[in-house]
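The structure file model10.txt is reproduced below (compact mmCIF, C-alpha atoms).
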```
# COMPACT_ATOMS: atom_id res chain seq x y z
CA MET A 1 0.00 0.00 0.00
CA GLU A 2 2.86 2.35 0.94
CA GLN A 3 4.68 1.51 -2.31
CA HIS A 4 1.63 2.42 -4.39
CA LEU A 5 1.35 5.79 -2.64
CA GLU A 6 5.05 6.60 -3.33
CA GLU A 7 4.72 5.85 -7.06
CA LYS A 8 1.59 8.03 -7.25
CA GLN A 9 3.45 10.95 -5.61
CA ASN A 10 6.44 10.72 -8.10
CA ARG A 11 4.30 10.95 -11.27
CA PRO A 12 3.59 14.76 -11.10
CA THR A 13 7.31 15.42 -10.73
CA THR A 14 8.06 13.36 -13.83
CA TYR A 15 5.37 15.14 -15.84
CA LEU A 16 6.71 18.54 -14.85
CA PHE A 17 10.25 17.53 -15.95
CA LEU A 18 9.06 16.32 -19.34
CA ILE A 19 7.02 19.47 -19.90
CA ALA A 20 10.07 21.63 -19.04
CA VAL A 21 12.27 19.69 -21.48
CA ALA A 22 9.66 20.01 -24.23
CA LEU A 23 9.36 23.75 -23.69
CA GLY A 24 13.14 24.10 -23.80
CA LEU A 25 13.33 22.24 -27.09
CA ILE A 26 10.61 24.42 -28.58
CA VAL A 27 12.44 27.58 -27.49
CA LEU A 28 15.71 26.25 -28.93
CA VAL A 29 14.14 25.38 -32.27
CA VAL A 30 12.46 28.79 -32.49
CA LYS A 31 15.72 30.49 -31.62
CA LEU A 32 17.76 28.51 -34.17
CA THR A 33 15.12 29.09 -36.83
CA TRP A 34 15.09 32.82 -36.13
CA PHE A 35 18.87 33.20 -36.31
CA ALA A 36 19.19 30.89 -39.35
CA THR A 37 17.06 33.27 -41.38
CA SER A 38 18.58 36.63 -40.40
CA LYS A 39 17.94 39.62 -42.57
CA VAL A 40 20.64 40.88 -44.94
CA PRO A 41 22.17 44.16 -43.66
CA GLY A 42 21.06 46.98 -45.97
CA GLU A 43 24.53 48.28 -46.87
CA PHE A 44 25.54 44.78 -48.10
CA SER A 45 22.36 44.00 -50.02
CA LEU A 46 23.98 44.65 -53.41
CA ILE A 47 23.65 41.54 -55.57
CA HIS A 48 26.77 40.54 -57.52
CA GLN A 49 26.33 38.51 -60.68
CA VAL A 50 28.96 35.93 -61.49
CA LYS A 51 30.72 36.63 -64.80
CA GLN A 52 32.99 34.53 -66.92
CA GLY A 53 36.43 35.75 -67.94
CA ILE A 54 39.23 34.38 -70.07
CA LYS A 55 42.86 34.56 -68.97
CA SER A 56 46.13 33.34 -70.32
CA GLU A 57 48.17 30.95 -68.28
CA THR A 58 51.31 32.59 -67.01
CA ILE A 59 54.83 31.67 -66.00
CA ASN A 60 56.49 33.82 -63.36
CA GLY A 61 60.13 34.44 -62.69
CA LEU A 62 62.50 36.70 -60.80
CA GLY A 63 65.28 38.74 -62.28
CA ALA A 64 66.84 42.17 -62.63
CA ILE A 65 67.13 45.06 -65.05
CA THR A 66 70.22 44.83 -67.23
CA VAL A 67 71.43 46.80 -70.22
CA ARG A 68 71.83 45.84 -73.86
CA GLU A 69 74.39 48.55 -74.65
CA THR A 70 76.75 50.75 -72.61
CA SER A 71 78.51 53.94 -73.78
CA LEU A 72 82.17 54.40 -72.87
CA ILE A 73 83.67 57.89 -72.59
CA ASP A 74 87.48 58.15 -72.77
CA ALA A 75 90.03 60.97 -72.69
CA GLN A 76 90.66 62.67 -76.04
CA ASP A 77 93.89 64.32 -74.76
CA PRO A 78 96.19 63.77 -71.79
CA GLY A 79 96.00 66.03 -68.77
CA ARG A 80 95.02 66.36 -65.11
CA ILE A 81 91.47 66.03 -63.77
CA THR A 82 90.63 69.43 -62.30
CA GLN A 83 86.87 69.01 -61.97
CA LEU A 84 84.59 66.01 -61.33
CA SER A 85 80.91 66.95 -61.41
CA VAL A 86 78.98 63.65 -61.13
CA ARG A 87 78.69 60.67 -58.85
CA LEU A 88 78.11 56.97 -59.47
CA GLY A 89 74.49 56.15 -60.35
CA GLN A 90 73.57 59.75 -61.16
CA ALA A 91 71.17 60.40 -64.02
CA VAL A 92 72.63 62.85 -66.55
CA GLU A 93 71.29 64.68 -69.60
CA GLN A 94 72.84 65.02 -73.02
CA GLY A 95 75.46 67.79 -73.03
CA GLN A 96 75.81 67.88 -69.23
CA ALA A 97 79.40 68.46 -68.02
CA LEU A 98 80.86 65.42 -66.25
CA ALA A 99 84.50 66.38 -65.68
CA LYS A 100 87.23 68.79 -66.84
CA ILE A 101 90.83 68.02 -67.89
CA GLN A 102 93.63 70.60 -67.90
CA ASN A 103 96.37 70.36 -70.56
CA HIS A 104 98.96 73.19 -70.36
CA GLU A 105 100.84 72.17 -73.53
CA LEU A 106 97.65 72.26 -75.58
CA GLU A 107 96.74 75.67 -74.18
CA GLN A 108 100.20 77.05 -75.05
CA GLU A 109 100.01 75.64 -78.56
CA TYR A 110 96.65 77.28 -79.05
CA LYS A 111 97.93 80.67 -77.90
CA LEU A 112 100.96 80.39 -80.23
CA GLU A 113 98.77 79.51 -83.21
CA LYS A 114 96.49 82.45 -82.44
CA ALA A 115 99.48 84.82 -82.45
CA GLN A 116 100.74 83.35 -85.72
CA LEU A 117 97.30 83.82 -87.23
CA ILE A 118 97.41 87.53 -86.44
CA THR A 119 100.85 87.85 -88.07
CA LEU A 120 99.77 85.79 -91.06
CA LYS A 121 96.68 87.91 -91.50
CA SER A 122 98.84 91.00 -91.70
CA ASP A 123 101.27 89.36 -94.16
CA VAL A 124 98.45 88.18 -96.38
CA ALA A 125 96.88 91.63 -96.41
CA MET A 126 100.23 93.24 -97.31
CA ARG A 127 100.95 90.73 -100.07
CA LYS A 128 97.48 91.21 -101.53
CA SER A 129 98.05 94.96 -101.45
CA GLU A 130 101.32 94.55 -103.37
CA LEU A 131 99.64 92.36 -105.95
CA LEU A 132 96.86 94.88 -106.32
CA THR A 133 99.39 97.70 -106.78
CA GLU A 134 101.19 95.72 -109.48
CA LYS A 135 97.85 95.06 -111.15
CA TYR A 136 97.03 98.79 -111.22
CA ARG A 137 100.51 99.61 -112.57
CA LEU A 138 100.15 97.19 -115.46
CA GLU A 139 96.68 98.45 -116.23
CA SER A 140 97.99 102.02 -116.23
CA GLN A 141 100.86 101.14 -118.59
CA LEU A 142 98.49 99.36 -120.93
CA ALA A 143 96.10 102.30 -120.94
CA LYS A 144 98.94 104.73 -121.73
CA ALA A 145 100.20 102.46 -124.53
CA ILE A 146 96.73 102.19 -126.04
CA ALA A 147 96.33 105.96 -125.89
CA ALA A 148 99.75 106.45 -127.51
CA LYS A 149 98.83 103.96 -130.24
CA GLN A 150 95.60 105.80 -130.95
CA ASN A 151 97.44 109.14 -131.13
CA GLN A 152 100.04 107.62 -133.43
CA ALA A 153 97.28 106.27 -135.67
CA LEU A 154 95.72 109.73 -135.91
CA GLU A 155 99.10 111.28 -136.62
CA LEU A 156 99.70 108.74 -139.40
CA GLU A 157 96.35 109.57 -140.99
CA ALA A 158 97.26 113.26 -140.91
CA TYR A 159 100.66 112.62 -142.44
CA GLU A 160 99.03 110.60 -145.21
CA ILE A 161 96.88 113.57 -146.20
CA LEU A 162 99.80 115.96 -145.96
CA VAL A 163 101.97 113.72 -148.13
CA LYS A 164 99.36 113.81 -150.86
CA GLN A 165 99.34 117.59 -150.63
CA GLY A 166 103.13 117.69 -150.73
CA VAL A 167 103.45 119.35 -147.33
CA VAL A 168 105.20 116.40 -145.61
CA SER A 169 107.85 114.24 -147.14
CA GLN A 170 107.47 110.52 -147.74
CA ILE A 171 110.25 109.82 -145.23
CA ARG A 172 108.34 111.50 -142.44
CA TYR A 173 105.23 109.52 -143.32
CA LYS A 174 107.15 106.22 -143.28
CA GLN A 175 108.71 107.08 -139.91
CA ALA A 176 105.23 107.72 -138.47
CA LYS A 177 104.04 104.43 -139.89
CA ILE A 178 106.94 102.54 -138.23
CA GLN A 179 106.24 104.26 -134.92
CA LEU A 180 102.59 103.12 -135.10
CA GLN A 181 103.69 99.53 -135.68
CA GLN A 182 106.03 99.74 -132.66
CA GLN A 183 103.24 101.16 -130.57
CA ARG A 184 100.95 98.31 -131.58
CA ILE A 185 103.63 95.78 -130.62
CA GLU A 186 104.06 97.50 -127.25
CA VAL A 187 100.29 97.39 -126.62
CA SER A 188 100.19 93.71 -127.57
CA LEU A 189 103.07 92.88 -125.21
CA LEU A 190 101.46 94.81 -122.38
CA GLU A 191 98.14 93.01 -122.99
CA GLN A 192 99.90 89.64 -122.84
CA GLN A 193 101.73 90.70 -119.68
CA GLN A 194 98.49 91.85 -118.05
CA GLU A 195 96.71 88.63 -119.03
CA GLU A 196 99.54 86.55 -117.58
CA PHE A 197 99.55 88.64 -114.41
CA SER A 198 95.77 88.23 -114.05
CA ARG A 199 96.21 84.46 -114.04
CA THR A 200 99.09 84.54 -111.56
CA TYR A 201 97.25 87.15 -109.48
CA GLN A 202 94.33 84.76 -108.96
CA VAL A 203 96.73 81.93 -108.14
CA HIS A 204 98.66 84.07 -105.65
CA GLU A 205 95.45 85.35 -104.07
CA ALA A 206 94.02 81.82 -103.77
CA ALA A 207 97.33 80.61 -102.28
CA LEU A 208 97.28 83.40 -99.69
CA ASP A 209 93.64 82.65 -98.83
CA ALA A 210 94.42 78.92 -98.55
CA LYS A 211 97.36 79.60 -96.26
CA TYR A 212 95.21 81.79 -94.03
CA GLU A 213 92.35 79.25 -94.05
CA ALA A 214 94.77 76.45 -93.14
CA LYS A 215 95.92 78.40 -90.13
CA GLN A 216 92.31 79.06 -89.13
CA GLU A 217 91.52 75.37 -89.53
CA GLN A 218 94.45 74.53 -87.28
CA ILE A 219 93.12 76.89 -84.66
CA ARG A 220 89.61 75.45 -84.94
CA TYR A 221 91.09 71.98 -84.46
CA LEU A 222 92.92 73.14 -81.33
CA GLU A 223 89.71 74.76 -80.07
CA SER A 224 87.82 71.49 -80.55
CA ARG A 225 90.52 69.69 -78.57
CA LEU A 226 90.29 72.28 -75.83
CA ASP A 227 86.51 71.93 -75.80
CA ALA A 228 86.91 68.15 -75.57
CA LEU A 229 88.81 68.65 -72.30
CA THR A 230 85.36 69.40 -70.82
CA ILE A 231 83.88 65.90 -70.73
CA THR A 232 80.14 65.92 -71.47
CA ALA A 233 77.43 63.26 -71.72
CA GLN A 234 76.72 62.31 -75.32
CA SER A 235 73.14 61.29 -74.48
CA ASP A 236 70.71 60.98 -71.60
CA GLY A 237 71.70 58.15 -69.29
CA ILE A 238 72.95 56.95 -65.92
CA ILE A 239 76.56 56.95 -64.74
CA SER A 240 77.37 53.26 -64.20
CA ASP A 241 81.14 53.54 -63.71
CA ILE A 242 83.66 56.28 -62.86
CA SER A 243 87.31 55.41 -63.55
CA ILE A 244 88.95 58.68 -62.45
CA GLU A 245 89.54 60.76 -59.35
CA LEU A 246 90.01 64.48 -58.83
CA GLY A 247 93.66 65.47 -59.50
CA GLN A 248 94.48 62.27 -61.39
CA GLN A 249 96.70 62.37 -64.49
CA VAL A 250 95.15 60.66 -67.51
CA LEU A 251 96.52 59.71 -70.90
CA GLN A 252 94.84 59.93 -74.27
CA GLY A 253 92.41 57.01 -74.60
CA ASP A 254 92.11 56.32 -70.86
CA PRO A 255 88.53 55.30 -69.89
CA LEU A 256 86.72 57.92 -67.82
CA PHE A 257 83.02 57.04 -67.55
CA LYS A 258 80.51 54.39 -68.51
CA ILE A 259 76.98 55.60 -69.21
CA ILE A 260 73.92 53.40 -69.46
CA GLU A 261 71.20 54.73 -71.74
CA PRO A 262 67.66 53.93 -70.46
CA GLN A 263 66.43 53.12 -73.96
CA HIS A 264 68.81 50.16 -73.93
CA PHE A 265 67.40 48.67 -70.69
CA ILE A 266 66.19 45.09 -70.87
CA ALA A 267 64.86 42.68 -68.22
CA GLN A 268 66.79 39.48 -67.52
CA VAL A 269 64.58 36.86 -65.84
CA ALA A 270 65.36 33.34 -64.60
CA ILE A 271 62.73 30.73 -65.46
CA ALA A 272 62.66 27.13 -64.20
CA GLN A 273 63.97 24.73 -66.82
CA TYR A 274 60.82 22.60 -66.85
CA SER A 275 58.70 25.68 -67.61
CA SER A 276 60.99 27.19 -70.23
CA GLU A 277 59.86 24.74 -72.92
CA GLN A 278 56.50 26.55 -73.04
CA LEU A 279 58.14 29.87 -73.89
CA SER A 280 58.89 31.41 -77.26
CA THR A 281 60.11 34.78 -78.47
CA GLY A 282 57.43 37.40 -78.89
CA LEU A 283 55.24 36.28 -75.98
CA PRO A 284 53.87 39.26 -74.00
CA ALA A 285 55.19 39.81 -70.49
CA THR A 286 54.46 42.06 -67.55
CA ILE A 287 57.46 43.37 -65.63
CA LYS A 288 56.58 44.21 -62.04
CA THR A 289 58.61 46.81 -60.14
CA PRO A 290 58.01 48.65 -56.85
CA ASN A 291 57.03 51.73 -58.89
CA GLY A 292 54.57 50.01 -61.20
CA GLU A 293 54.14 47.49 -64.00
CA LEU A 294 55.73 47.71 -67.46
CA ALA A 295 54.76 45.84 -70.61
CA GLY A 296 57.23 43.96 -72.78
CA LYS A 297 57.87 40.95 -75.00
CA ILE A 298 60.37 38.10 -74.89
CA GLU A 299 63.27 39.09 -77.11
CA HIS A 300 65.70 36.22 -76.51
CA ILE A 301 65.79 32.87 -74.69
CA ASP A 302 69.16 31.63 -73.45
CA THR A 303 68.97 27.84 -73.71
CA VAL A 304 71.97 27.27 -71.43
CA VAL A 305 70.77 25.78 -68.13
CA ARG A 306 72.27 27.33 -65.01
CA GLN A 307 71.34 25.90 -61.61
CA GLY A 308 68.12 24.43 -62.96
CA SER A 309 66.90 27.54 -64.75
CA VAL A 310 67.34 29.40 -68.03
CA ASN A 311 67.57 33.14 -68.60
CA ILE A 312 65.13 34.99 -70.81
CA TYR A 313 65.45 38.59 -71.94
CA ILE A 314 62.36 40.82 -72.13
CA ALA A 315 62.39 44.02 -74.20
CA PHE A 316 60.11 46.89 -73.16
CA ASP A 317 57.27 47.90 -75.47
CA GLN A 318 57.95 51.58 -74.78
CA THR A 319 60.95 53.63 -73.71
CA PRO A 320 61.63 52.68 -70.08
CA PRO A 321 60.76 55.37 -67.48
CA SER A 322 63.48 57.54 -65.95
CA TRP A 323 63.11 55.93 -62.51
CA LEU A 324 64.18 52.50 -63.76
CA ARG A 325 67.70 51.54 -62.71
CA SER A 326 70.25 48.96 -63.80
CA LYS A 327 70.41 45.84 -61.56
CA GLN A 328 67.02 46.74 -60.06
CA SER A 329 65.23 43.58 -58.90
CA ILE A 330 62.01 42.81 -60.73
CA GLU A 331 59.40 40.08 -61.15
CA ALA A 332 58.10 39.06 -64.55
CA SER A 333 54.89 37.34 -65.58
CA ILE A 334 54.88 35.81 -69.08
CA ALA A 335 51.49 35.19 -70.69
CA LEU A 336 51.33 31.89 -72.57
CA SER A 337 49.21 31.35 -75.64
CA LYS A 338 47.10 28.80 -73.70
CA ARG A 339 43.91 30.35 -72.23
CA THR A 340 41.50 29.24 -69.50
CA ASN A 341 38.08 30.38 -68.28
CA TYR A 342 37.47 31.74 -64.80
CA MET A 343 34.54 33.07 -62.78
CA PHE A 344 34.57 36.46 -61.06
CA ILE A 345 32.50 39.26 -59.58
CA ASP A 346 33.25 42.96 -59.51
CA GLN A 347 35.10 44.25 -56.46
CA PRO A 348 32.85 46.14 -53.97
CA ASN A 349 33.76 49.75 -53.25
CA ASN A 350 34.33 49.05 -49.55
CA PHE A 351 36.26 45.82 -50.09
CA THR A 352 39.44 47.02 -48.38
CA THR A 353 37.52 48.15 -45.28
CA TYR A 354 37.12 44.56 -44.01
CA LYS A 355 39.71 41.80 -43.86
CA ARG A 356 37.40 38.76 -44.15
CA TRP A 357 34.33 38.32 -46.31
CA GLN A 358 31.68 35.64 -46.60
CA VAL A 359 29.95 34.55 -49.85
CA TYR A 360 26.18 33.84 -49.93
CA LYS A 361 24.56 32.34 -53.02
CA LEU A 362 20.96 33.33 -53.78
CA ASN A 363 18.53 30.43 -54.11
CA PRO A 364 16.62 30.66 -57.44
CA GLY A 365 12.91 31.30 -56.91
CA ALA A 366 13.33 32.03 -53.21
CA ASN A 367 14.11 35.04 -51.09
CA THR A 368 16.95 33.33 -49.22
CA ALA A 369 20.71 33.01 -49.68
CA ASP A 370 22.90 30.19 -48.35
CA LYS A 371 26.45 30.54 -47.13
CA LEU A 372 29.11 28.87 -49.25
CA GLU A 373 32.69 28.02 -48.47
CA ALA A 374 34.43 29.86 -51.30
CA ASP A 375 37.82 31.51 -51.66
CA PHE A 376 38.59 34.38 -53.97
CA LYS A 377 41.53 36.57 -54.88
CA LEU A 378 41.71 40.16 -55.99
CA SER A 379 43.03 40.93 -59.49
CA ASN A 380 42.53 44.19 -61.43
CA GLN A 381 39.36 45.23 -59.56
CA GLN A 382 37.94 41.72 -59.93
CA LEU A 383 37.31 39.08 -57.27
CA ILE A 384 38.24 35.81 -58.93
CA LEU A 385 36.30 32.86 -57.50
CA THR A 386 38.64 29.91 -57.03
CA SER A 387 35.87 27.40 -56.26
CA ASN A 388 34.16 25.29 -58.92
CA ALA A 389 30.76 25.78 -57.25
CA PHE A 390 29.86 28.80 -59.39
CA GLU A 391 28.55 29.30 -62.89
CA ALA A 392 28.14 32.41 -64.99
CA GLY A 393 24.89 34.13 -64.04
CA ASP A 394 24.83 33.01 -60.39
CA LYS A 395 23.83 35.78 -58.01
CA LEU A 396 25.87 36.31 -54.86
CA LEU A 397 25.95 38.47 -51.75
CA LEU A 398 29.28 39.50 -50.29
CA ILE A 399 29.13 40.27 -46.55
CA PRO A 400 31.96 40.78 -44.04
CA GLN A 401 32.34 37.95 -41.52
CA ALA A 402 32.43 40.56 -38.78
CA VAL A 403 28.85 41.56 -39.67
CA VAL A 404 27.07 38.21 -40.07
CA THR A 405 28.03 34.52 -40.13
CA ASP A 406 24.63 32.82 -40.39
CA GLU A 407 24.16 29.81 -42.63
CA ARG A 408 21.11 31.33 -44.34
CA LEU A 409 19.94 34.88 -44.91
CA THR A 410 16.63 36.32 -46.08
CA LEU A 411 16.45 39.12 -48.59
```
Can you give me the file's structure in the form of structure tokens?
Amino acid sequence: MEQHLEEKQNRPTTYLFLIAVALGLIVLVVKLTWFATSKVPGEFSLIHQVKQGIKSETINGLGAITVRETSLIDAQDPGRITQLSVRLGQAVEQGQALAKIQNHELEQEYKLEKAQLITLKSDVAMRKSELLTEKYRLESQLAKAIAAKQNQALELEAYEILVKQGVVSQIRYKQAKIQLQQQRIEVSLLEQQQEEFSRTYQVHEAALDAKYEAKQEQIRYLESRLDALTITAQSDGIISDISIELGQQVLQGDPLFKIIEPQHFIAQVAIAQYSSEQLSTGLPATIKTPNGELAGKIEHIDTVVRQGSVNIYIAFDQTPPSWLRSKQSIEASIALSKRTNYMFIDQPNNFTTYKRWQVYKLNPGANTADKLEADFKLSNQQLILTSNAFEAGDKLLLIPQAVVTDERLTL
């Protein structure tokens, strides 16, 4: 009887426990259901449509900027370095002074030639004056002889009339006729002499001019040598080597500077041997530097294997920028002719504000979106989806993990 009463008293307690458990389960289910269908935050409600892109497969390598051609500047004359105006690695412009050489012997020779030029100029002027005086003298003699011949001819004509009239004797007439012949001979000789002098006059004048010009040419040559003692850059470039010091004596032909011209820059990149078989000349490449990316093409492939890699040389599509330097470390990406498809969405404006993002895929025909485990990487304002779970046309939401992490969201 007592046992029956004890069992009857325990039943209400058991019912109360079961009811409490049932209520707890109901609350838990309601809570989970509520949180599993959270609303999408308004600022992240923008729907991104998956797009399909095409990209070339690439091969990457590390390397450095090298130079195809280097200009060497040497000393044109011996002397002592009295001025050094540049430092190693400095960018210089065409015509910029790099150094100055002093040559006392050359300076003295120049001064002596200048003095001789002044003396020669005076001598040439005096000799030309003498020639001109001789020319005028001969012309004057010829003019007098011609005038005398004309007078003699008139006198002969007068004598001829007078002879006919019997006023003048035949002897006098014949004497006048002989004098006219002599005068003609004298005029002819003077004309020949003047003609010969005219030819020699031109020769003498040309010889004097040539002598003076030769001296001027010698001085111009010395001036060019003196100018060459100021060493200047022959083109825009970068000083890659300095072989002299201030006060140093140099000889003719001694090397002074090496200048690298930026237009001759080229990228040398090491590529793994097993990847090099996919490369060929002309393939486009992107050269990455700390200051930006530069476009180029493979110009040459060195087939010699060194430590498991081969060297390729990439020429720039455009003149390299002024900030590029020789031996500067770079990374190169070579685009192969083989192409592959990829899926992507456009990068949100606030993408860099958050470190971690979560992808939700919209369910077709429903107002919900389910969370997906998907990785992506940023490239040229595109978020490339690395998972195979997406197709072109899929609609996605991109929400920071710090904002919501629910498995399902409602729109």
Residue among A:Glu134, A:Glu93, A:Asp123, A:Glu186 lying closest to Lys211 in chain A, counting all atoms listed in the file: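 The shortest atom-to-atom distance to Lys211 in chain A comes from A:Asp123.
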Per residue of range 72-158 of chain A within 12 Å of range 318-329 of chain A, what are the shortest atom pair and its distance in Å to one decimal, counting all atoms listed in the file, with rows by chain and residue number, as CSV?
```
residue,atom,partner,partner_atom,distance
A:Gly89,CA,A:Arg325,CA,8.5
A:Gln90,CA,A:Arg325,CA,10.2
A:Ala91,CA,A:Ser322,CA,8.4
A:Val92,CA,A:Ser322,CA,10.6
A:Glu93,CA,A:Ser322,CA,11.2
```
Kindly export the residues of the current selection with C-alpha atoms, as a short mmCIF file (atom, residue, chain, number, x, y, z; two decimals), keeping the file's coordinate frame.
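Written file, part-v5.cif:
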```
data_model
loop_
_atom_site.label_atom_id
_atom_site.label_comp_id
_atom_site.auth_asym_id
_atom_site.auth_seq_id
_atom_site.Cartn_x
_atom_site.Cartn_y
_atom_site.Cartn_z
CA GLY A 89 74.49 56.15 -60.35
CA GLN A 90 73.57 59.75 -61.16
CA ALA A 91 71.17 60.40 -64.02
CA VAL A 92 72.63 62.85 -66.55
CA GLU A 93 71.29 64.68 -69.60
#
```
List the neighbours of Ile271 in chain A out to 7 Å using all atoms listed in the file; skip same-chain residues closer than 3 positions along the sequence, and give me the result as a PDB file with C-alpha atoms, in the coordinates of the input.
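The resulting file, around-v5.pdb, is reproduced below:
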```pdb
ATOM      1  CA  GLY A  61      60.130  34.440 -62.690  1.00  0.00           C
ATOM      2  CA  SER A 275      58.700  25.680 -67.610  1.00  0.00           C
ATOM      3  CA  SER A 276      60.990  27.190 -70.230  1.00  0.00           C
ATOM      4  CA  SER A 309      66.900  27.540 -64.750  1.00  0.00           C
ATOM      5  CA  VAL A 310      67.340  29.400 -68.030  1.00  0.00           C
ATOM      6  CA  ASN A 311      67.570  33.140 -68.600  1.00  0.00           C
TER       7      ASN A 311
END
```
Quick one: axis-aligned box around all listed atoms of range 362-381 of chain A, 8 Å on every side, centre and edge lengths in Å to one decimal, written as lines of an AutoDock Vina configuration file.
```
center_x = 28.0
center_y = 36.6
center_z = -54.3
size_x = 46.1
size_y = 33.2
size_z = 30.3
```
Rank nothing, just name the residue among A:Asp406, A:Glu157, A:Glu391, A:Asp227 nearest to Val359 in chain A, using all atoms listed in the file.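 Of all the options, A:Asp406 lies closest to Val359 in chain A.
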List the neighbours of Leu397 in chain A out to 12 Å using all atoms listed in the file; skip same-chain residues closer than 5 positions along the sequence, and give me the result as a PyMOL selection string. chain A and resi 40-50+345-348+357-363+368-372+404+408-411
With only C-alpha atoms as the counted atoms, please give the residues lying no more than 12 Å from Ile219 in chain A, apart from itself and same-chain residues fewer than 3 positions off, as a ChimeraX atom specification. /A:106-118,212-216,222-226
Dump as a Markdown table the rows for residues of range 32-147 of chain A within 12 Å of range 283-287 of chain A: closest atom pair and distance in Å with one decimal, only C-alpha atoms counted, ordered by chain and rising residue number.
```
| residue | atom | partner | partner_atom | distance |
| --- | --- | --- | --- | --- |
| A:Ser56 | CA | A:Pro284 | CA | 10.4 |
| A:Glu57 | CA | A:Ala285 | CA | 11.5 |
| A:Thr58 | CA | A:Ala285 | CA | 8.9 |
| A:Ile59 | CA | A:Ala285 | CA | 9.3 |
| A:Asn60 | CA | A:Ala285 | CA | 9.4 |
| A:Gly61 | CA | A:Ile287 | CA | 9.8 |
| A:Leu62 | CA | A:Ile287 | CA | 9.7 |
| A:Gly63 | CA | A:Ile287 | CA | 9.7 |
| A:Ala64 | CA | A:Ile287 | CA | 9.9 |
| A:Ile65 | CA | A:Ile287 | CA | 9.8 |
```
Given all atoms listed in the file as the counted atoms, nearest of A:Ile312, A:Val187, A:Leu162, A:Val304 to Ala147 in chain A: A:Val187
Taking (88.0, 72.1, -61.9) in the coordinates of the supplied file, I want to know which residues reach to within 9 Å of it, counting all atoms listed in the file; could you give the answer as a PyMOL selection string? chain A and resi 81-85+99-102+246
One-decimal distance in Å that lies between CA of Ile330 in chain A and CA of Ile259 in chain A: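 Computing the Euclidean distance for CA of Ile259 in chain A and CA of Ile330 in chain A yields 21.4 Å.
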So, with all atoms listed in the file as the atoms that count, which of A:Ile260, A:Leu72, A:Ala145, A:Ala272 lies closest to Val305 in chain A?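 Distance minimum relative to Val305 in chain A lands on A:Ala272.
Between CA of Glu155 in chain A and CA of Ala176 in chain A lies a distance of 7.3 Å.
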Work out how far apart CA of His104 in chain A and CA of Gly253 in chain A are and give it in Å to one decimal. 18.0 Å
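For the choices A:Lys297, A:Lys288, A:Asn349, A:Val67, the atom-to-atom distance to Ala332 in chain A is smallest for A:Lys288 when using all atoms listed in the file.
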Could you give me, as a PyMOL selection string, the residues that have an atom at most 12 Å away from the point (31.2, 26.6, -61.5) in the coordinates of the file, using only C-alpha atoms? chain A and resi 50-52+341-344+374+384-394
Can you give me N, CA and C atoms for range 214-225 of chain A, written as a short mmCIF file (atom, residue, chain, number, x, y, z; two decimals), in the frame of the given file?
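For reference, selection-v7.cif as written:
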```
data_model
loop_
_atom_site.label_atom_id
_atom_site.label_comp_id
_atom_site.auth_asym_id
_atom_site.auth_seq_id
_atom_site.Cartn_x
_atom_site.Cartn_y
_atom_site.Cartn_z
N ALA A 214 94.12 77.58 -93.79
CA ALA A 214 94.77 76.45 -93.14
C ALA A 214 95.13 76.78 -91.70
N LYS A 215 95.59 77.99 -91.50
CA LYS A 215 95.92 78.40 -90.13
C LYS A 215 94.65 78.50 -89.28
N GLN A 216 93.58 79.01 -89.86
CA GLN A 216 92.31 79.06 -89.13
C GLN A 216 91.80 77.66 -88.81
N GLU A 217 91.94 76.75 -89.77
CA GLU A 217 91.52 75.37 -89.53
C GLU A 217 92.32 74.75 -88.40
N GLN A 218 93.61 75.03 -88.36
CA GLN A 218 94.45 74.53 -87.28
C GLN A 218 93.99 75.05 -85.93
N ILE A 219 93.60 76.31 -85.91
CA ILE A 219 93.12 76.89 -84.66
C ILE A 219 91.77 76.28 -84.26
N ARG A 220 90.90 76.08 -85.26
CA ARG A 220 89.61 75.45 -84.94
C ARG A 220 89.82 74.04 -84.40
N TYR A 221 90.78 73.33 -84.95
CA TYR A 221 91.09 71.98 -84.46
C TYR A 221 91.56 72.03 -83.00
N LEU A 222 92.44 73.00 -82.71
CA LEU A 222 92.92 73.14 -81.33
C LEU A 222 91.78 73.54 -80.40
N GLU A 223 90.87 74.38 -80.89
CA GLU A 223 89.71 74.76 -80.07
C GLU A 223 88.82 73.57 -79.78
N SER A 224 88.64 72.69 -80.78
CA SER A 224 87.82 71.49 -80.55
C SER A 224 88.48 70.57 -79.52
N ARG A 225 89.82 70.51 -79.56
CA ARG A 225 90.52 69.69 -78.57
C ARG A 225 90.41 70.29 -77.17
#
```
